[in-house]
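Heads up, final03.cif below (mmCIF, C-alpha atoms):
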```cif
data_coords
loop_
_atom_site.label_atom_id
_atom_site.label_comp_id
_atom_site.auth_asym_id
_atom_site.auth_seq_id
_atom_site.Cartn_x
_atom_site.Cartn_y
_atom_site.Cartn_z
CA MET A 8 12.38 -10.65 -3.97
CA ASN A 9 15.58 -8.66 -3.59
CA GLU A 10 14.90 -5.05 -2.61
CA THR A 11 17.11 -1.98 -2.43
CA VAL A 12 17.09 0.39 0.54
CA TYR A 13 19.03 3.67 0.64
CA PHE A 14 20.05 5.05 4.05
CA LEU A 15 20.92 8.73 4.19
CA VAL A 16 23.75 9.47 6.63
CA ARG A 17 24.12 12.98 8.02
CA ALA A 18 27.01 14.52 9.92
CA ASN A 19 26.62 14.12 13.66
CA ALA A 20 27.30 17.82 14.32
CA ALA A 21 25.39 20.85 13.07
CA PRO A 22 24.49 21.69 10.38
CA ARG A 23 24.11 17.90 9.97
CA ARG A 24 24.62 17.95 6.23
CA PRO A 25 24.25 14.69 4.24
CA VAL A 26 27.65 13.00 4.00
CA ALA A 27 26.90 9.54 2.60
CA LEU A 28 24.25 7.30 1.14
CA LEU A 29 24.43 3.62 1.99
CA ALA A 30 22.83 1.44 -0.69
CA CYS A 31 21.79 -1.90 0.82
CA THR A 32 19.85 -4.90 -0.42
CA GLY A 33 17.81 -7.58 1.30
CA THR A 34 15.08 -10.16 0.78
CA GLY A 35 11.99 -10.81 2.86
CA LEU A 36 12.03 -7.32 4.33
CA ARG A 37 9.36 -6.58 6.96
CA ARG A 38 7.63 -3.51 5.57
CA GLY A 39 4.21 -2.24 4.58
CA ALA A 40 2.40 0.85 3.37
CA ASN A 41 2.92 2.58 6.74
CA SER A 42 6.30 1.53 8.08
CA PHE A 43 9.55 -0.37 7.66
CA TYR A 44 10.83 -2.71 10.40
CA VAL A 45 14.58 -3.38 10.16
CA ARG A 46 16.06 -6.41 11.92
CA GLY A 47 19.70 -7.30 12.32
CA GLY A 48 20.91 -9.21 9.30
CA ASP A 49 18.07 -8.06 7.04
CA LEU A 50 20.29 -5.91 4.86
CA ARG A 51 23.70 -6.16 3.26
CA LEU A 52 25.71 -3.10 2.19
CA GLN A 53 26.23 -2.98 -1.57
CA SER A 54 27.80 0.43 -2.12
CA VAL A 55 28.64 3.77 -0.54
CA TRP A 56 27.65 6.97 -2.37
CA LEU A 57 29.43 10.20 -1.54
CA PRO A 58 28.65 13.90 -2.21
CA ASP A 59 31.30 14.07 -4.96
CA ALA A 60 28.99 11.71 -6.96
CA SER A 61 31.38 8.79 -6.55
CA ARG A 62 30.15 5.30 -5.79
CA HIS A 63 32.20 2.66 -4.03
CA ALA A 64 31.20 -0.98 -4.12
CA ALA A 65 31.40 -2.79 -0.80
CA PRO A 66 33.89 -5.67 -0.79
CA PRO A 67 32.65 -9.19 0.00
CA ASP A 68 34.33 -9.11 3.42
CA ALA A 69 32.60 -5.90 4.55
CA PRO A 70 31.26 -6.23 8.11
CA ASP A 71 27.55 -6.65 8.70
CA PHE A 72 25.53 -3.46 8.28
CA GLU A 73 24.43 -2.33 11.74
CA TYR A 74 23.60 1.02 13.32
CA ARG A 75 21.45 0.06 16.32
CA SER A 76 22.71 0.39 19.89
CA PHE A 77 19.99 -1.19 22.02
CA SER A 78 22.09 -4.12 23.25
CA ALA A 79 25.79 -4.77 23.82
CA THR A 80 25.86 -7.02 20.76
CA GLN A 81 24.29 -4.32 18.60
CA ARG A 82 26.64 -1.65 19.95
CA ALA A 83 29.70 -3.78 19.17
CA ALA A 84 28.47 -4.53 15.64
CA SER A 85 27.56 -0.87 15.07
CA ARG A 86 31.00 0.33 16.19
CA ARG A 87 32.67 -2.30 14.02
CA PHE A 88 30.72 -1.27 10.93
CA CYS A 89 31.25 2.46 11.51
CA ALA A 90 34.98 2.01 12.16
CA TRP A 91 35.30 0.03 8.92
CA LEU A 92 33.36 2.70 7.01
CA CYS A 93 35.58 5.52 8.34
CA GLU A 94 38.74 3.56 7.63
CA ARG A 95 37.66 2.87 4.07
CA HIS A 96 36.40 6.43 3.53
CA PRO A 97 38.53 8.69 5.79
CA GLU A 98 36.60 11.79 4.73
CA LEU A 99 33.63 10.47 6.73
CA ALA A 100 35.50 10.20 10.04
CA PRO A 101 35.20 13.89 11.05
CA ALA A 102 31.50 13.96 10.13
CA LEU A 103 30.71 10.82 12.12
CA ASP A 104 32.79 11.79 15.16
CA ALA A 105 30.70 11.35 18.30
CA GLY A 106 32.74 13.74 20.42
CA ALA A 107 33.92 13.32 24.03
CA GLY A 108 36.52 10.81 22.88
CA LEU A 109 33.87 8.31 21.85
CA ALA A 110 34.11 6.11 18.79
CA PRO A 111 32.44 7.39 15.58
CA ARG A 112 28.81 6.43 15.33
CA LEU A 113 26.28 6.04 12.57
CA ALA A 114 22.69 7.22 12.94
CA PRO A 115 20.72 7.12 9.67
CA SER A 116 17.48 9.05 10.07
CA ILE A 117 15.99 8.59 6.59
CA ALA A 118 15.55 5.44 4.53
CA ALA A 119 14.26 5.33 0.95
CA ILE A 120 13.00 2.11 -0.61
CA ARG A 121 12.71 1.60 -4.35
CA GLU A 122 9.16 0.55 -5.31
CA GLY A 123 8.99 0.17 -9.08
CA ASP A 124 8.92 3.70 -10.50
CA SER A 125 8.82 5.43 -7.13
CA LEU A 126 10.81 5.94 -3.96
CA ALA A 127 9.14 5.56 -0.57
CA PHE A 128 10.81 7.77 2.05
CA HIS A 129 10.71 6.79 5.73
CA HIS A 130 11.88 8.56 8.89
CA PHE A 131 13.42 6.75 11.86
CA VAL A 132 11.33 6.76 15.04
CA GLN A 133 12.44 3.98 17.40
CA GLN A 134 14.79 1.07 17.99
CA GLY A 135 14.66 -2.00 20.18
CA GLU A 136 16.22 -5.38 20.74
CA LEU A 137 14.43 -7.09 17.85
CA GLY A 138 14.38 -4.27 15.31
CA SER A 139 14.09 -0.59 14.55
CA LEU A 140 11.18 1.26 12.97
CA PHE A 141 10.97 3.84 10.20
CA LEU A 142 7.63 5.50 9.38
CA ARG A 143 6.71 6.32 5.80
CA TYR A 144 6.29 10.05 5.28
CA ARG A 145 6.44 10.71 1.53
CA ASP A 146 6.48 9.00 -1.89
CA GLU A 147 8.38 10.43 -4.84
CA ALA A 148 8.50 9.48 -8.50
CA ALA A 149 11.88 8.00 -9.33
CA PRO A 150 13.87 10.11 -11.81
CA ASP A 151 14.08 9.00 -15.42
CA ALA A 152 17.87 9.07 -15.26
CA PRO A 153 19.79 6.47 -13.23
CA LEU A 154 19.66 7.31 -9.54
CA ALA A 155 22.53 9.48 -8.36
CA TRP A 156 23.58 11.38 -5.23
CA ARG A 157 22.09 14.62 -6.53
CA HIS A 158 18.62 13.08 -6.77
CA PHE A 159 18.55 12.12 -3.10
CA GLU A 160 20.13 15.39 -2.03
CA ASP A 161 17.52 17.41 -3.94
CA LEU A 162 14.57 15.27 -2.86
CA VAL A 163 15.48 15.28 0.83
CA ALA A 164 16.06 19.05 0.70
CA SER A 165 12.57 19.47 -0.78
CA HIS A 166 11.13 17.47 2.14
CA ALA A 167 12.17 20.09 4.69
CA PRO A 168 8.66 21.60 5.04
CA VAL A 169 7.10 18.15 5.42
CA LEU A 170 9.61 17.05 8.04
CA ALA A 171 9.26 20.36 9.88
CA ALA A 172 5.50 19.84 10.09
CA LEU A 173 6.05 16.29 11.37
CA ARG A 174 8.69 17.26 13.94
CA PRO A 175 6.27 17.31 16.91
CA ALA A 176 5.47 13.67 16.13
CA PHE A 177 9.13 12.61 16.35
CA GLY A 178 9.23 12.98 20.15
CA ASP A 179 8.96 9.85 22.26
CA GLU A 180 5.27 8.87 22.68
CA CYS A 181 4.16 11.82 20.52
CA TRP A 182 3.72 9.75 17.37
CA TYR A 183 0.65 7.91 18.70
CA THR A 184 -2.97 8.72 17.94
CA LYS A 185 -6.08 6.76 18.83
CA TRP A 186 -9.50 6.25 17.32
CA ARG A 187 -12.11 7.28 19.89
CA PRO A 188 -9.99 7.48 23.07
CA ASP A 189 -13.24 7.26 25.06
CA LEU A 190 -13.98 3.75 23.76
CA GLU A 191 -12.36 0.36 24.14
CA MET A 192 -12.45 -2.25 21.40
CA GLU A 193 -11.69 -5.79 22.53
CA ARG A 194 -12.49 -9.38 21.62
CA LYS A 195 -12.47 -12.11 24.26
CA PHE A 196 -11.53 -15.78 24.20
CA THR A 197 -12.53 -17.43 27.48
CA PHE A 198 -10.59 -20.55 28.48
CA ARG A 199 -12.33 -23.63 29.78
CA ASP A 200 -9.61 -24.21 32.35
CA ILE A 201 -6.67 -22.21 33.73
CA PRO A 202 -3.88 -22.61 31.15
CA ASP A 203 -0.22 -21.66 31.31
CA THR A 204 -0.87 -18.08 30.15
CA TRP A 205 2.84 -17.19 30.04
CA ARG A 206 3.55 -20.07 27.68
CA LEU A 207 0.65 -19.03 25.45
CA LEU A 208 1.74 -15.41 25.35
CA MET A 209 5.31 -16.32 24.43
CA ALA A 210 4.02 -18.60 21.69
CA PHE A 211 2.03 -15.70 20.20
CA HIS A 212 4.97 -13.33 20.53
CA ASP A 213 7.45 -15.69 18.89
CA ALA A 214 5.08 -16.64 16.06
CA ILE A 215 4.31 -13.03 15.13
CA ALA A 216 7.96 -11.95 15.50
CA GLU A 217 8.89 -14.69 13.04
CA GLY A 218 6.30 -13.53 10.49
CA ALA A 219 3.33 -15.85 11.09
CA LEU A 220 0.91 -12.90 10.94
CA PRO A 221 1.87 -10.90 7.81
CA ASP A 222 2.23 -7.13 8.28
CA PHE A 223 2.42 -7.35 12.09
CA VAL A 224 5.55 -7.05 14.24
CA PRO A 225 6.09 -6.74 18.02
CA GLU A 226 5.61 -3.13 19.12
CA ILE A 227 9.00 -1.81 20.21
CA ASP A 228 9.38 -1.34 23.99
CA ARG A 229 6.04 -3.06 24.62
CA GLU A 230 6.84 -6.55 23.38
CA ILE A 231 6.25 -8.21 26.77
CA GLN A 232 4.60 -6.74 29.88
CA VAL A 233 3.61 -8.20 33.25
CA TRP A 234 0.72 -6.77 35.30
CA ASP A 235 -0.44 -7.92 38.73
CA TYR A 236 -2.96 -5.84 40.66
CA GLU A 237 -6.18 -5.85 42.67
CA GLN A 238 -9.50 -4.45 41.52
CA HIS A 239 -12.19 -3.35 43.97
CA ILE A 240 -15.32 -3.13 41.90
CA PHE A 241 -18.77 -1.56 42.16
CA GLU A 242 -21.57 -2.34 39.74
CA VAL A 243 -23.58 0.71 38.65
CA LEU A 244 -27.23 -0.37 38.49
CA GLY A 245 -30.26 1.07 36.76
CA ALA A 246 -30.10 -0.36 33.21
CA ASN A 247 -29.58 3.11 31.75
CA ALA A 248 -26.79 5.24 30.34
CA GLU A 249 -25.00 5.22 33.71
CA SER A 250 -24.89 1.43 33.97
CA GLY A 251 -21.63 -0.49 34.05
CA TYR A 252 -18.98 -0.53 36.74
CA VAL A 253 -16.35 1.47 38.57
CA ALA A 254 -13.13 -0.25 39.66
CA TYR A 255 -10.56 1.03 42.14
CA ILE A 256 -7.00 -0.18 41.57
CA PRO A 257 -4.44 0.54 44.32
CA GLN A 258 -1.07 1.70 43.01
CA ALA A 259 2.33 0.74 44.41
CA ASP A 260 2.92 4.34 45.51
CA GLY A 261 -0.18 4.47 47.69
CA ARG A 262 -2.27 6.39 45.21
CA MET A 263 -5.21 5.05 43.21
CA THR A 264 -6.21 4.39 39.61
CA VAL A 265 -9.93 4.48 38.87
CA LYS A 266 -11.43 2.74 35.83
CA ARG A 267 -15.01 3.19 34.73
CA LYS A 268 -16.90 1.38 31.98
CA TRP A 269 -20.38 2.26 30.77
CA PHE A 270 -22.55 -0.49 29.27
CA ILE A 271 -25.89 -2.23 29.75
CA GLU A 272 -25.00 -5.38 27.84
CA ASN A 273 -21.59 -6.83 27.08
CA SER A 274 -20.20 -5.86 23.69
CA GLU A 275 -16.87 -5.59 21.90
CA VAL A 276 -16.96 -1.79 21.92
CA ARG A 277 -17.66 -0.03 25.21
CA ARG A 278 -17.20 3.42 26.66
CA GLU A 279 -14.26 3.56 29.07
CA SER A 280 -12.36 6.14 31.14
CA LEU A 281 -9.23 5.72 33.25
CA TRP A 282 -7.96 8.17 35.86
CA GLY A 283 -4.57 7.54 37.45
CA ASN A 284 -2.55 8.87 40.39
CA LEU A 285 -5.55 9.93 42.47
CA ALA A 286 -4.96 10.74 46.14
CA LEU A 287 -7.41 8.13 47.41
CA GLY A 288 -7.11 5.40 50.01
CA MET A 289 -9.31 2.35 50.39
CA ASP A 290 -11.35 4.18 53.02
CA ASP A 291 -12.16 6.90 50.47
CA ILE A 292 -13.50 4.87 47.59
CA GLU A 293 -17.18 4.69 48.52
CA ALA A 294 -17.35 8.46 49.00
CA HIS A 295 -15.50 8.96 45.72
CA LEU A 296 -17.91 6.62 43.95
CA ARG A 297 -20.78 8.93 44.90
CA THR A 298 -19.03 11.79 43.05
CA LEU A 299 -19.08 9.71 39.85
CA THR A 300 -22.70 8.60 39.75
CA SER A 301 -25.98 9.21 41.52
CA GLU A 302 -27.31 5.81 40.47
CA ALA A 303 -27.63 2.91 42.87
CA THR A 304 -24.52 0.73 43.13
CA ARG A 305 -23.52 -2.52 44.74
CA ARG A 306 -20.08 -3.59 45.84
CA LEU A 307 -18.94 -6.87 44.31
CA PRO A 308 -16.15 -9.21 45.42
CA SER A 309 -12.67 -7.82 44.89
CA TYR A 310 -10.26 -9.82 42.80
CA ARG A 311 -6.61 -10.03 41.76
CA ARG A 312 -5.79 -9.74 38.08
CA LYS A 313 -2.54 -11.32 36.84
CA ARG A 314 -1.97 -10.36 33.22
CA PHE A 315 0.75 -11.04 30.64
CA ASP A 316 0.64 -8.68 27.66
CA ALA A 317 2.29 -8.43 24.26
CA GLN A 318 1.55 -5.72 21.72
CA PHE A 319 1.84 -5.83 17.95
CA GLU A 320 1.96 -3.15 15.27
CA SER A 321 0.71 -3.30 11.71
CA LEU A 322 3.30 -2.25 9.15
CA ALA A 323 0.45 -1.65 6.70
CA THR A 324 -1.56 0.79 8.83
CA GLY A 325 0.28 1.55 12.07
CA ASN A 326 -2.65 0.18 14.12
CA ILE A 327 -1.45 -1.45 17.36
CA PHE A 328 -3.20 -4.25 19.24
CA GLY A 329 -2.53 -6.05 22.49
CA ILE A 330 -2.86 -9.75 23.17
CA TYR A 331 -3.59 -9.94 26.89
CA MET A 332 -3.55 -13.16 28.92
CA ASP A 333 -5.65 -12.85 32.08
CA VAL A 334 -6.05 -14.94 35.22
CA CYS A 335 -8.54 -13.39 37.67
CA ARG A 336 -8.95 -14.74 41.20
CA THR A 337 -11.07 -13.52 44.08
CA LEU A 338 -8.88 -12.40 46.95
CA ASP A 339 -9.73 -15.53 48.94
CA ASP A 340 -8.60 -17.71 45.98
CA ALA A 341 -11.98 -19.47 45.98
CA HIS A 342 -13.03 -18.43 42.47
CA VAL A 343 -10.96 -18.10 39.31
CA PHE A 344 -11.29 -17.77 35.57
CA SER A 345 -8.95 -17.07 32.67
CA GLN A 346 -9.29 -15.54 29.23
CA CYS A 347 -7.36 -13.95 26.39
CA GLU A 348 -8.28 -10.48 25.15
CA VAL A 349 -7.35 -8.82 21.88
CA GLU A 350 -7.62 -5.07 22.29
CA TYR A 351 -6.99 -2.06 20.06
CA CYS A 352 -4.42 0.17 21.78
CA ARG A 353 -3.47 3.06 19.49
CA THR A 354 -2.08 3.95 16.06
CA ARG A 355 1.38 5.11 14.98
CA SER A 356 1.31 6.69 11.53
CA PHE A 357 2.10 9.89 9.67
CA GLY A 358 -1.00 9.20 7.55
CA GLU A 359 -4.71 8.82 8.15
CA LEU A 360 -6.30 6.23 10.43
CA ARG A 361 -7.45 3.34 8.25
CA ALA A 362 -8.46 -0.33 8.18
CA LEU A 363 -8.98 -0.52 11.95
CA GLU A 364 -11.80 -3.08 11.81
CA GLN A 365 -9.98 -5.18 9.22
CA ASP A 366 -6.83 -5.25 11.37
CA PHE A 367 -8.88 -6.08 14.48
CA ASP A 368 -10.52 -9.00 12.69
CA ALA A 369 -7.18 -10.18 11.28
CA ILE A 370 -5.31 -10.35 14.59
CA SER A 371 -8.36 -11.70 16.45
CA GLY A 372 -8.81 -14.37 13.80
CA PHE A 373 -5.15 -15.30 14.13
CA VAL A 374 -5.49 -15.63 17.90
CA GLY A 375 -8.60 -17.80 17.67
CA ALA A 376 -7.13 -20.03 14.98
CA SER A 377 -3.84 -20.41 16.87
CA LEU A 378 -5.58 -21.40 20.11
CA ALA A 379 -7.58 -24.01 18.20
CA ARG A 380 -4.48 -25.31 16.43
CA TRP A 381 -2.63 -25.60 19.74
CA GLY A 382 -5.53 -27.55 21.25
CA GLN A 383 -6.27 -24.89 23.88
CA ALA A 384 -9.94 -25.28 24.83
CA HIS A 385 -11.73 -21.94 24.65
CA GLN A 386 -14.73 -20.14 23.29
CA GLN A 387 -15.02 -16.67 21.78
CA ASP A 388 -17.62 -14.78 23.79
CA LEU A 389 -18.41 -11.53 25.61
CA TYR A 390 -17.91 -12.87 29.14
CA SER A 391 -16.59 -10.01 31.29
CA LYS A 392 -14.89 -9.46 34.62
CA LEU A 393 -18.19 -7.97 35.78
CA ASP A 394 -19.96 -11.25 34.90
CA PHE A 395 -17.36 -13.13 36.92
CA VAL A 396 -17.79 -11.18 40.14
CA ARG A 397 -21.56 -10.94 39.68
CA GLU A 398 -21.70 -14.74 39.62
CA VAL A 399 -19.57 -14.97 42.72
CA ALA A 400 -21.72 -12.41 44.51
CA ASP A 401 -24.92 -14.16 43.46
CA ALA A 402 -23.62 -17.48 44.81
CA GLY A 403 -23.29 -18.99 41.34
CA ARG A 404 -21.21 -22.02 40.66
CA ASP A 405 -17.96 -22.20 42.54
CA ARG A 406 -15.52 -21.87 39.69
CA PRO A 407 -16.74 -19.92 36.64
CA ALA A 408 -13.77 -21.17 34.58
CA GLU A 409 -14.82 -24.79 35.17
CA ARG A 410 -18.49 -23.93 34.72
CA ARG A 411 -17.72 -22.82 31.19
CA ALA A 412 -16.44 -26.29 30.31
CA ALA A 413 -19.92 -27.74 30.76
#
```

Conversion result in structure tokens:
Amino acid sequence: MNETVYFLVRANAAPRRPVALLACTGTGLRRGANSFYVRGGDLRLQSVWLPDASRHAAPPDAPDFEYRSFSATQRAASRRFCAWLCERHPELAPALDAGAGLAPRLAPSIAAIREGDSLAFHHFVQQGELGSLFLRYRDEAAPDAPLAWRHFEDLVASHAPVLAALRPAFGDECWYTKWRPDLEMERKFTFRDIPDTWRLLMAFHDAIAEGALPDFVPEIDREIQVWDYEQHIFEVLGANAESGYVAYIPQADGRMTVKRKWFIENSEVRRESLWGNLALGMDDIEAHLRTLTSEATRRLPSYRRKRFDAQFESLATGNIFGIYMDVCRTLDDAHVFSQCEVEYCRTRSFGELRALEQDFDAISGFVGASLARWGQAHQQDLYSKLDFVREVADAGRDRPAERRAA
């Protein structure tokens, strides 16, 4: 289905008045009830609307519509499009001047999408290599008369109080919220051998980026992450509310991150706290442990955790989940196991938190089905890192990953 998207262009200098509206069309757009994900080549400019109420159809040889600047290719395409726009409409050149002798630049902050008898307004929040993201902030009934410049000008002016209230959320990292920050929600798929976890992660990333999981896209700036660290772990005993474990994770700067989880039995939702940048050395951890709990504890074998992560965002809800590929080895390399975790990370939305469990089930179901389709032997279970090091400490079978193939 061909859809129309209107990008409002403001002057680059104060008072940043609206100077143009770019009417674009595209098919197969990646968007949902919460957000709009724009990729290069998704949209084609159809016409330019100006404040004097004139409309100017774009010629067939107009350059590709681009405004992003994340990569050299994007910057070149963005400059080419903006230069063409200013040459064709010279009145825009002063408004789009970037100053300091730089080429004019285009930075649309608001996009409106026609949805039947309404217009869905979105505000820009972030851009990356694969796409840029606009969050939905308001719906308006479309006017009875044919759309014109004055309609957008009046509607956007009326949004000033809404946008002012949202302004604190426009700052980098400020747009995130999280359901129950004191809890983790994760689903585990334990492998029956030690697979090529990088290959698997890239397969998930590429499939979702290409649309295999409707409504989900790679989270900008967190598409691919690599983690490699040691955990020095103490089990908290007692089978009561204090039970679980405390893990000490040395940082590269000589400080310490401490992670604590509370649980008696493994489950998909557990209480968790994380404290970073603590001035602790390895000689301090047992004394520090005694400040966290008065229950009996036992030190378990330390292990190295090598993890490849990719994170994905729902365009329908703004809920964000990670697909984490783990290989855990004891420090002597004698014991190893591997698993994939799907974990709820946070939510990016100007609306209410919604459909968290449905999204969790959807992405977890996709992961499980994909692993089965790819022939990767696994089982969905609750097997934890604590189980792994308990088994090692209790002189269980030599290789828990191979044990699970039995």

Next item on the list: Evaluate the PyMOL selection byres ((chain A and resi 65) around 8) on the structure here and hand back the selected residues as a list in words.
Entry: Leu52, Gln53, Ser54, Val55, His63, Ala64, Pro66, Pro67 and Ala69 of chain A

Name the residues, using the chain letters and numbers of the file, that sit within 7 Å of (-5.9, -3.9, 7.9) when counting only C-alpha atoms, and give them as a PDB file with C-alpha atoms, in the frame of the given file.
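Contents of part_0.pdb, as written:
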```pdb
ATOM      1  CA  ALA A 323       0.450  -1.650   6.700  1.00  0.00           C
ATOM      2  CA  THR A 324      -1.560   0.790   8.830  1.00  0.00           C
ATOM      3  CA  ALA A 362      -8.460  -0.330   8.180  1.00  0.00           C
ATOM      4  CA  LEU A 363      -8.980  -0.520  11.950  1.00  0.00           C
ATOM      5  CA  GLN A 365      -9.980  -5.180   9.220  1.00  0.00           C
ATOM      6  CA  ASP A 366      -6.830  -5.250  11.370  1.00  0.00           C
TER       7      ASP A 366
END
```

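The gap separating CA of Met263 (chain A) from CA of Lys313 (chain A) is 17.8 Å, in Å to one decimal.
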
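Residues captured in this structure file are Gly47, Gly48, Leu50, Arg51, Leu52, Asp68, Ala69, Pro70, Phe72, Glu73, Ala84, Ser85, Arg87 and Phe88 of chain A, according to the PyMOL selection byres ((chain A and resi 71) around 9).
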
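CA of Trp282 (chain A) lies 15.0 Å from CA of Asp260 (chain A).
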
Next item on the list: Rank A:Leu36, A:Val45, A:Ala119, A:Ala18 by their smallest atom-to-atom distance to Glu98 (chain A), using only C-alpha atoms, and report the top residue only.
Entry: A:Ala18

With all atoms listed in the file counted and 9 Å as the cut-off, give the residues of region 281-359 of chain A in contact with region 176-190 of chain A, each with its shortest interatomic distance in Å and the pair that gives it, as a tab-separated table.
```
residue	atom	partner	partner_atom	distance
A:Asn326	CA	A:Lys185	CA	8.8
A:Tyr351	CA	A:Lys185	CA	9.0
A:Cys352	CA	A:Lys185	CA	7.4
A:Arg353	CA	A:Lys185	CA	4.6
A:Thr354	CA	A:Thr184	CA	5.2
A:Arg355	CA	A:Tyr183	CA	4.7
A:Ser356	CA	A:Trp182	CA	7.0
A:Phe357	CA	A:Trp182	CA	7.9
```

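The residues returned by the PyMOL selection byres ((chain A and resi 383) around 12) on the shown structure are Phe196, Thr197, Phe198, Arg199, Asp200, Ile201, Pro202, Asp203, Thr204, Arg206, Leu207, Gln346, Cys347, Val374, Gly375, Ala376, Ser377, Leu378, Ala379, Arg380, Trp381, Gly382, Ala384, His385 and Gln386 of chain A.
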
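Candidate residues A:Trp269, A:Trp205, A:Phe223, A:Phe14 were compared for distance to His129 (chain A), and the nearest is A:Phe14, using all atoms listed in the file.
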
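If only C-alpha atoms are the atoms counted, then among A:Leu281, A:Ala219, A:Val265, A:Ala155 the closest residue to Ala60 (chain A) is A:Ala155.
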
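Going from CA of Glu272 (chain A) to CA of Leu299 (chain A) covers 20.2 Å.
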
Notebook entry, point to check: Once you count all atoms listed in the file, which residues end up no further than 12 Å from (-14.0, 3.4, 36.8) in the file's frame, shown as an MDAnalysis selection string?
Noted result: chainID A and resid 238:243 249:256 263:269 278:283 292 295:300

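The shortest atom-to-atom distance to Asp235 (chain A), with only C-alpha atoms taken into account, belongs to A:Arg312 out of A:Arg62, A:His212, A:Arg312, A:Lys392.
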
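Residues in contact range of Tyr44 (chain A), defined as at most 6 Å between all atoms listed in the file, with sequence neighbours fewer than 3 positions away removed, read Arg37, Arg38, Ser139 and Leu140 of chain A.
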
Note to self: Can you tell me which residues surround Leu109 (chain A) at a distance of at most 12 Å, considering all atoms listed in the file, apart from same-chain residues fewer than 6 positions away, and format the answer as a ChimeraX atom specification?
What the structure shows: /A:86,90,103

Selection: 12 Å around Asp124 (chain A), only C-alpha atoms, excl. self and same-chain fewer than 2 positions, as a CSV table (one decimal) with C-alpha atoms, in the frame of the given file:
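Wrote part-v4.csv, looks like this:
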```csv
chain,number,residue,atom,x,y,z
A,120,ILE,CA,13.0,2.1,-0.6
A,121,ARG,CA,12.7,1.6,-4.4
A,122,GLU,CA,9.2,0.6,-5.3
A,126,LEU,CA,10.8,5.9,-4.0
A,127,ALA,CA,9.1,5.6,-0.6
A,146,ASP,CA,6.5,9.0,-1.9
A,147,GLU,CA,8.4,10.4,-4.8
A,148,ALA,CA,8.5,9.5,-8.5
A,149,ALA,CA,11.9,8.0,-9.3
A,150,PRO,CA,13.9,10.1,-11.8
A,151,ASP,CA,14.1,9.0,-15.4
A,152,ALA,CA,17.9,9.1,-15.3
A,153,PRO,CA,19.8,6.5,-13.2
A,154,LEU,CA,19.7,7.3,-9.5
```

Check: Taking all atoms listed in the file into account, which of A:Gly35, A:Gly135, A:Gly108, A:Pro308 comes nearest Arg82 (chain A)?
Finding: A:Gly135

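If all atoms listed in the file are the atoms counted, then among A:Leu208, A:Leu285, A:Leu338, A:Leu29 the closest residue to Val399 (chain A) is A:Leu338.
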
Notebook entry, point to check: Near Gln318 (chain A), within 12 Å and counting only C-alpha atoms, which residues show up once chain neighbours fewer than 5 positions away are dropped, as a ChimeraX atom specification?
Noted result: /A:208-209,211-213,215-216,223-233,326-332,348-354,370
